[in-house]
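Asker: Just so it is clear, I am handing over model-v5.cif, which has mmCIF, C-alpha atoms.
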data_target
#
loop_
_atom_site.label_atom_id
_atom_site.label_comp_id
_atom_site.auth_asym_id
_atom_site.auth_seq_id
_atom_site.Cartn_x
_atom_site.Cartn_y
_atom_site.Cartn_z
CA GLN P 1 4.69 29.97 -14.86
CA GLN P 2 2.98 30.94 -11.63
CA LEU P 3 0.64 28.38 -10.10
CA PRO P 4 -2.93 29.41 -9.33
CA GLU P 5 -3.76 29.99 -5.70
CA ALA P 6 -3.94 26.58 -4.01
CA ARG P 7 -3.00 24.99 -0.72
CA LEU P 8 -3.26 21.26 -1.34
CA VAL P 9 -2.79 18.83 -4.23
CA ILE P 10 -4.64 15.53 -3.76
CA PRO P 11 -3.98 12.51 -6.03
CA LEU P 12 -6.96 10.40 -7.07
CA THR P 13 -5.07 7.63 -8.88
CA GLU P 14 -1.71 5.89 -8.59
CA LYS P 15 -0.26 7.66 -11.62
CA ALA P 16 -1.08 11.04 -10.06
CA VAL P 17 0.74 10.42 -6.74
CA ALA P 18 4.24 11.47 -7.83
CA PHE P 19 2.98 14.49 -9.78
CA ALA P 20 0.80 15.64 -6.88
CA ALA P 21 3.76 15.36 -4.48
CA ALA P 22 5.94 17.45 -6.81
CA LEU P 23 3.24 20.12 -7.05
CA GLN P 24 2.81 20.12 -3.26
CA ASP P 25 6.54 20.70 -2.81
CA ARG P 26 6.34 23.62 -5.20
CA LEU P 27 3.34 25.10 -3.41
CA GLU P 28 5.09 24.93 -0.04
CA GLY P 29 8.51 25.91 -1.31
CA ASP P 30 10.04 22.59 -0.26
CA LYS P 31 12.69 20.96 -2.42
CA SER P 32 11.53 17.35 -2.23
CA GLN P 33 9.87 16.64 1.12
CA HIS P 34 6.55 15.43 -0.30
CA GLN P 35 8.18 13.62 -3.20
CA GLU P 36 10.42 11.64 -0.85
CA PHE P 37 7.40 10.75 1.28
CA ALA P 38 5.41 9.68 -1.78
CA GLU P 39 8.28 7.48 -2.99
CA ARG P 40 8.21 5.49 0.24
CA LEU P 41 4.63 4.54 -0.60
CA THR P 42 4.99 3.99 -4.36
CA HIS P 43 8.49 2.63 -4.96
CA LYS P 44 8.40 -0.96 -3.75
CA ARG P 45 12.13 -1.31 -3.01
CA LYS P 46 12.17 1.88 -0.94
CA MET P 47 8.92 0.79 0.69
CA LYS P 48 10.37 -2.58 1.74
CA ILE P 49 13.57 -0.97 3.01
CA HIS P 50 11.55 1.47 5.12
CA ALA P 51 9.38 -1.34 6.47
CA GLN P 52 12.47 -3.29 7.53
CA ARG P 53 14.05 -0.24 9.16
CA THR P 54 10.91 0.48 11.18
CA GLY P 55 10.34 -3.10 12.35
CA VAL P 56 7.39 -3.95 10.09
CA PRO P 57 7.51 -7.67 9.14
CA CYS P 58 7.82 -8.14 5.38
CA ALA P 59 9.06 -10.70 2.87
CA ARG P 60 12.74 -11.16 2.15
CA PHE P 61 13.71 -9.44 -1.11
CA ILE P 62 16.60 -8.82 -3.49
CA THR P 63 17.10 -6.41 -6.40
CA ALA P 64 18.70 -6.76 -9.81
CA SER P 65 21.93 -5.22 -8.52
CA GLN P 66 22.39 -7.93 -5.89
CA ALA P 67 23.80 -11.42 -6.22
CA ILE P 68 21.25 -14.18 -5.65
CA PRO P 69 21.93 -15.59 -2.16
CA GLU P 70 22.85 -19.26 -1.96
CA ASP P 71 20.00 -19.87 0.49
CA TRP P 72 17.38 -18.14 -1.68
CA THR P 73 14.18 -20.21 -1.88
CA TYR P 74 11.88 -21.03 -4.78
CA PRO P 75 9.33 -20.37 -6.06
CA CYS P 76 9.62 -16.61 -5.62
CA VAL P 77 7.85 -13.57 -6.98
CA VAL P 78 9.44 -11.01 -9.32
CA LYS P 79 7.70 -7.65 -9.68
CA THR P 80 8.39 -4.16 -10.97
CA GLU P 81 9.71 -1.68 -8.41
CA VAL P 82 7.02 0.81 -9.44
CA GLY P 83 3.43 -0.08 -10.28
CA SER P 84 0.28 -1.37 -8.64
CA GLY P 85 -1.48 -4.69 -8.48
CA SER P 86 -0.09 -7.75 -10.21
CA ARG P 87 1.04 -5.98 -13.38
CA GLY P 88 4.26 -7.55 -14.64
CA LEU P 89 4.26 -10.20 -11.91
CA VAL P 90 6.39 -13.28 -12.59
CA PHE P 91 6.64 -16.51 -10.56
CA ALA P 92 10.18 -17.83 -10.82
CA GLU P 93 10.45 -21.56 -10.14
CA ASN P 94 14.25 -21.76 -10.25
CA GLU P 95 17.43 -19.69 -10.53
CA THR P 96 17.38 -19.65 -14.33
CA GLN P 97 13.88 -18.16 -14.39
CA LEU P 98 14.79 -15.72 -11.63
CA LYS P 99 17.86 -14.41 -13.49
CA ALA P 100 15.79 -13.94 -16.64
CA ALA P 101 13.07 -11.99 -14.84
CA LEU P 102 15.17 -10.00 -12.35
CA THR P 103 16.22 -7.18 -14.66
CA PRO P 104 16.89 -3.53 -13.67
CA GLY P 105 13.76 -1.95 -12.25
CA HIS P 106 12.54 -5.23 -10.73
CA LEU P 107 12.84 -6.92 -7.36
CA ALA P 108 12.32 -10.49 -6.21
CA GLU P 109 10.48 -11.45 -3.04
CA SER P 110 10.27 -14.73 -1.21
CA LEU P 111 6.83 -16.24 -1.60
CA ILE P 112 4.50 -15.45 1.30
CA ILE P 113 2.26 -18.36 2.24
CA GLY P 114 -0.86 -17.10 3.96
CA LYS P 115 -4.27 -15.50 3.70
CA GLU P 116 -4.22 -12.26 1.70
CA PHE P 117 -6.47 -9.29 2.43
CA SER P 118 -6.34 -5.50 2.64
CA VAL P 119 -7.15 -2.73 5.07
CA GLU P 120 -8.53 0.61 3.94
CA SER P 121 -8.26 3.56 6.33
CA PHE P 122 -9.11 7.24 6.37
CA VAL P 123 -6.48 9.09 8.37
CA SER P 124 -7.28 12.58 9.61
CA ASN P 125 -5.18 14.88 11.76
CA GLY P 126 -2.77 12.08 12.63
CA LYS P 127 -5.47 9.62 13.72
CA ILE P 128 -7.25 6.76 11.99
CA ALA P 129 -10.85 7.94 11.68
CA PHE P 130 -12.19 4.80 10.02
CA SER P 131 -10.89 1.41 8.89
CA ASN P 132 -12.29 -1.45 6.84
CA ILE P 133 -10.93 -4.94 6.22
CA THR P 134 -11.42 -6.35 2.72
CA ASP P 135 -11.30 -10.11 2.25
CA TYR P 136 -9.66 -11.24 -0.97
CA THR P 137 -11.93 -14.25 -1.30
CA GLU P 138 -10.44 -14.90 -4.73
CA PRO P 139 -7.34 -12.71 -5.26
CA ARG P 140 -7.49 -10.50 -8.39
CA TRP P 141 -11.09 -11.58 -9.03
CA GLU P 142 -13.33 -11.23 -5.97
CA ASN P 143 -13.30 -8.92 -2.95
CA VAL P 144 -15.75 -8.95 -0.04
CA LEU P 145 -16.08 -6.27 2.61
CA PRO P 146 -16.31 -5.96 5.49
CA ALA P 147 -14.40 -9.20 5.92
CA GLY P 148 -16.14 -11.79 8.08
CA PHE P 149 -13.07 -12.52 10.19
CA SER P 150 -13.19 -13.45 13.86
CA ALA P 151 -13.06 -10.69 16.45
CA ASP P 152 -9.58 -11.79 17.54
CA ARG P 153 -8.26 -11.75 13.99
CA GLN P 154 -9.76 -8.32 13.35
CA THR P 155 -8.14 -6.98 16.53
CA ARG P 156 -4.72 -8.19 15.38
CA ILE P 157 -5.24 -6.71 11.92
CA VAL P 158 -6.35 -3.31 13.24
CA ALA P 159 -3.30 -3.14 15.52
CA PHE P 160 -0.98 -4.10 12.64
CA ASN P 161 -2.59 -1.49 10.40
CA GLN P 162 -1.96 1.14 13.09
CA GLN P 163 1.67 0.03 13.37
CA VAL P 164 2.27 0.33 9.63
CA ILE P 165 0.55 3.72 9.27
CA GLU P 166 2.63 5.12 12.13
CA ALA P 167 5.83 3.55 10.77
CA PHE P 168 5.33 5.27 7.42
CA GLY P 169 4.35 8.58 8.98
CA VAL P 170 0.92 8.90 7.38
CA THR P 171 -1.10 11.64 9.10
CA SER P 172 -3.83 12.33 6.53
CA GLY P 173 -5.48 10.85 3.46
CA MET P 174 -6.48 7.30 2.63
CA THR P 175 -4.34 4.20 2.96
CA HIS P 176 -4.70 0.82 1.27
CA LEU P 177 -2.62 -1.79 3.09
CA GLU P 178 -2.12 -5.28 1.66
CA VAL P 179 -1.45 -7.89 4.35
CA PHE P 180 -0.83 -11.63 4.62
CA ASP P 181 -1.84 -13.70 7.64
CA THR P 182 0.78 -16.46 7.92
CA GLU P 183 1.76 -19.12 10.44
CA GLN P 184 4.44 -16.70 11.64
CA GLY P 185 1.97 -13.83 12.04
CA LEU P 186 0.89 -10.85 9.95
CA VAL P 187 3.25 -9.87 7.13
CA PHE P 188 3.35 -6.57 5.27
CA GLY P 189 2.76 -6.75 1.53
CA GLU P 190 2.49 -3.17 0.29
CA MET P 191 0.75 0.06 1.25
CA ALA P 192 -0.54 2.89 -0.92
CA ARG P 193 -1.67 6.33 0.21
CA ARG P 194 -4.46 6.85 -2.29
CA PRO P 195 -7.88 5.39 -3.12
CA PRO P 196 -7.68 1.66 -3.94
CA GLY P 197 -8.76 -0.01 -7.16
CA GLY P 198 -10.66 -3.26 -7.59
CA TYR P 199 -14.06 -1.57 -7.06
CA ILE P 200 -13.26 -1.25 -3.34
CA MET P 201 -14.42 2.39 -3.30
CA ASP P 202 -17.77 1.28 -4.74
CA LEU P 203 -18.03 -1.49 -2.15
CA LEU P 204 -17.24 0.94 0.68
CA ALA P 205 -20.11 3.14 -0.45
CA ILE P 206 -22.53 0.21 -0.50
CA ALA P 207 -21.40 -1.44 2.73
CA TYR P 208 -21.17 1.67 4.90
CA ASP P 209 -23.62 4.07 3.24
CA LEU P 210 -21.00 6.77 2.81
CA ASP P 211 -19.32 8.56 -0.07
CA PRO P 212 -15.70 7.34 0.20
CA TRP P 213 -14.51 10.03 -2.23
CA VAL P 214 -15.90 12.76 0.00
CA ALA P 215 -14.38 11.04 3.03
CA TYR P 216 -11.03 10.90 1.21
CA LEU P 217 -11.06 14.61 0.41
CA GLN P 218 -12.21 15.57 3.89
CA SER P 219 -9.47 13.49 5.53
CA PHE P 220 -6.98 16.10 4.33
CA ALA P 221 -9.03 18.87 5.96
CA SER P 222 -9.21 17.16 9.37
CA VAL P 223 -12.99 16.82 9.07
CA ASP P 224 -14.58 13.63 10.39
CA SER P 225 -18.24 14.20 9.57
CA ALA P 226 -18.08 11.91 6.53
CA TYR P 227 -17.02 8.83 8.43
CA PRO P 228 -19.49 6.20 9.68
CA LYS P 229 -19.63 5.79 13.44
#
Would you mind writing the structure in this file as structure tokens?
Answerer:
Amino acid sequence: QQLPEARLVIPLTEKAVAFAAALQDRLEGDKSQHQEFAERLTHKRKMKIHAQRTGVPCARFITASQAIPEDWTYPCVVKTEVGSGSRGLVFAENETQLKAALTPGHLAESLIIGKEFSVESFVSNGKIAFSNITDYTEPRWENVLPAGFSADRQTRIVAFNQQVIEAFGVTSGMTHLEVFDTEQGLVFGEMARRPPGGYIMDLLAIAYDLDPWVAYLQSFASVDSAYPK
């Protein structure tokens, strides 16, 4: 069946990312270019591998197909390779619990000790047009933005956000980067290229007096009029 005339397919939710990428490949006549790009930002194992290859600091991890290293530390976190938030998250306190939880389609990460927060950015024409730092004052329950971090901390976070966006080759759209500030420095958690959940879009509208959904759509058209100065 022939697709209607269209140039761009934009996902609004996590579940739409893979489908939108497949449609974009079809529109442009590519075999899997957009799907491969989308997988790097939705499939956690592929995301972690890409982060390691591009020099982005992230937690040590293993998959169900790997033997558990003798020097593996506990507790650790077991999560699904695909999915957002803390859905299906398991804290394994020992090897027995880890083996039970680390089934096909899951990966285990060493526990990151540090302050958790996120960075939301609108990327347009290869440049970050606007960024916000969201403080997870109570993870999974309470978010505050813009985060009241020191100027020095914000500078480090903005630079790290730039590094990650460039490493993953994002040139348009909206990114939601989860970061940990540890004693060893900033550590990559995950990054999505789509609008975030947790009412962050609503908070962006209130805090910056902008329509983040309009800004998201316009970021694909290389238009910056929707971004606060």
Asker: Could you please determine the separation between atom CA of Leu41 of chain P and atom CA of Met191 of chain P in Å, to one decimal place?
Answerer: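 Taking atom CA of Leu41 of chain P as the start and atom CA of Met191 of chain P as the end point, the length is 6.2 Å.
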Asker: Step by step: start from the point (9.5, -13.3, 1.8) in the file's coordinates, keep every protein, DNA or RNA residue that has an atom no farther than 12 Å from it, count all atoms listed in the file, and write the set as a PyMOL selection string.
Answerer: chain P and resi 48+52+57-62+72-78+107-114+180+182+184+187-189
Asker: Save the residues we just selected, C-alpha atoms, as a PDB file, in the coordinates of the input?
Answerer:
ATOM      1  CA  LYS P  48      10.370  -2.580   1.740  1.00  0.00           C
ATOM      2  CA  GLN P  52      12.470  -3.290   7.530  1.00  0.00           C
ATOM      3  CA  PRO P  57       7.510  -7.670   9.140  1.00  0.00           C
ATOM      4  CA  CYS P  58       7.820  -8.140   5.380  1.00  0.00           C
ATOM      5  CA  ALA P  59       9.060 -10.700   2.870  1.00  0.00           C
ATOM      6  CA  ARG P  60      12.740 -11.160   2.150  1.00  0.00           C
ATOM      7  CA  PHE P  61      13.710  -9.440  -1.110  1.00  0.00           C
ATOM      8  CA  ILE P  62      16.600  -8.820  -3.490  1.00  0.00           C
ATOM      9  CA  TRP P  72      17.380 -18.140  -1.680  1.00  0.00           C
ATOM     10  CA  THR P  73      14.180 -20.210  -1.880  1.00  0.00           C
ATOM     11  CA  TYR P  74      11.880 -21.030  -4.780  1.00  0.00           C
ATOM     12  CA  PRO P  75       9.330 -20.370  -6.060  1.00  0.00           C
ATOM     13  CA  CYS P  76       9.620 -16.610  -5.620  1.00  0.00           C
ATOM     14  CA  VAL P  77       7.850 -13.570  -6.980  1.00  0.00           C
ATOM     15  CA  VAL P  78       9.440 -11.010  -9.320  1.00  0.00           C
ATOM     16  CA  LEU P 107      12.840  -6.920  -7.360  1.00  0.00           C
ATOM     17  CA  ALA P 108      12.320 -10.490  -6.210  1.00  0.00           C
ATOM     18  CA  GLU P 109      10.480 -11.450  -3.040  1.00  0.00           C
ATOM     19  CA  SER P 110      10.270 -14.730  -1.210  1.00  0.00           C
ATOM     20  CA  LEU P 111       6.830 -16.240  -1.600  1.00  0.00           C
ATOM     21  CA  ILE P 112       4.500 -15.450   1.300  1.00  0.00           C
ATOM     22  CA  ILE P 113       2.260 -18.360   2.240  1.00  0.00           C
ATOM     23  CA  GLY P 114      -0.860 -17.100   3.960  1.00  0.00           C
ATOM     24  CA  PHE P 180      -0.830 -11.630   4.620  1.00  0.00           C
ATOM     25  CA  THR P 182       0.780 -16.460   7.920  1.00  0.00           C
ATOM     26  CA  GLN P 184       4.440 -16.700  11.640  1.00  0.00           C
ATOM     27  CA  VAL P 187       3.250  -9.870   7.130  1.00  0.00           C
ATOM     28  CA  PHE P 188       3.350  -6.570   5.270  1.00  0.00           C
ATOM     29  CA  GLY P 189       2.760  -6.750   1.530  1.00  0.00           C
TER      30      GLY P 189
END
Asker: Written as a ChimeraX atom specification, what is the full residue list that the PyMOL selection byres ((chain P and resi 196) around 10) yields on the file shown?
Answerer: /P:12-14,84-85,118,120,174-177,192-195,197-201
Asker: Just the number, please: distance in Å from atom CA of Lys127 of chain P to atom CA of Leu217 of chain P, one decimal.
Answerer: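 Atom CA of Leu217 of chain P lies 15.3 Å from atom CA of Lys127 of chain P.
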Asker: Closest to Ile68 of chain P among P:Thr54, P:Thr96, P:Thr42, P:Ser219, using only C-alpha atoms?
Answerer: P:Thr96
Asker: Starting from the displayed file, determine the output of the PyMOL selection byres ((chain P and resi 133-144) around 8) and express the residue list as a ChimeraX atom specification.
Answerer: /P:116-120,131-132,145-148,154,198,200
Asker: With C-alpha atoms retained, write the just-selected residues as an mmCIF file, in the coordinates of the input.
Answerer:
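Contents of the output file result_39.cif:
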data_model
loop_
_atom_site.group_PDB
_atom_site.id
_atom_site.type_symbol
_atom_site.label_atom_id
_atom_site.label_comp_id
_atom_site.auth_asym_id
_atom_site.auth_seq_id
_atom_site.Cartn_x
_atom_site.Cartn_y
_atom_site.Cartn_z
ATOM 1 C CA GLU P 116 -4.220 -12.260 1.700
ATOM 2 C CA PHE P 117 -6.470 -9.290 2.430
ATOM 3 C CA SER P 118 -6.340 -5.500 2.640
ATOM 4 C CA VAL P 119 -7.150 -2.730 5.070
ATOM 5 C CA GLU P 120 -8.530 0.610 3.940
ATOM 6 C CA SER P 131 -10.890 1.410 8.890
ATOM 7 C CA ASN P 132 -12.290 -1.450 6.840
ATOM 8 C CA LEU P 145 -16.080 -6.270 2.610
ATOM 9 C CA PRO P 146 -16.310 -5.960 5.490
ATOM 10 C CA ALA P 147 -14.400 -9.200 5.920
ATOM 11 C CA GLY P 148 -16.140 -11.790 8.080
ATOM 12 C CA GLN P 154 -9.760 -8.320 13.350
ATOM 13 C CA GLY P 198 -10.660 -3.260 -7.590
ATOM 14 C CA ILE P 200 -13.260 -1.250 -3.340
#
Asker: Just say which residues the PyMOL selection byres ((chain P and resi 105) around 6) picks in this file, as a PyMOL selection string.
Answerer: chain P and resi 80-81+104+106
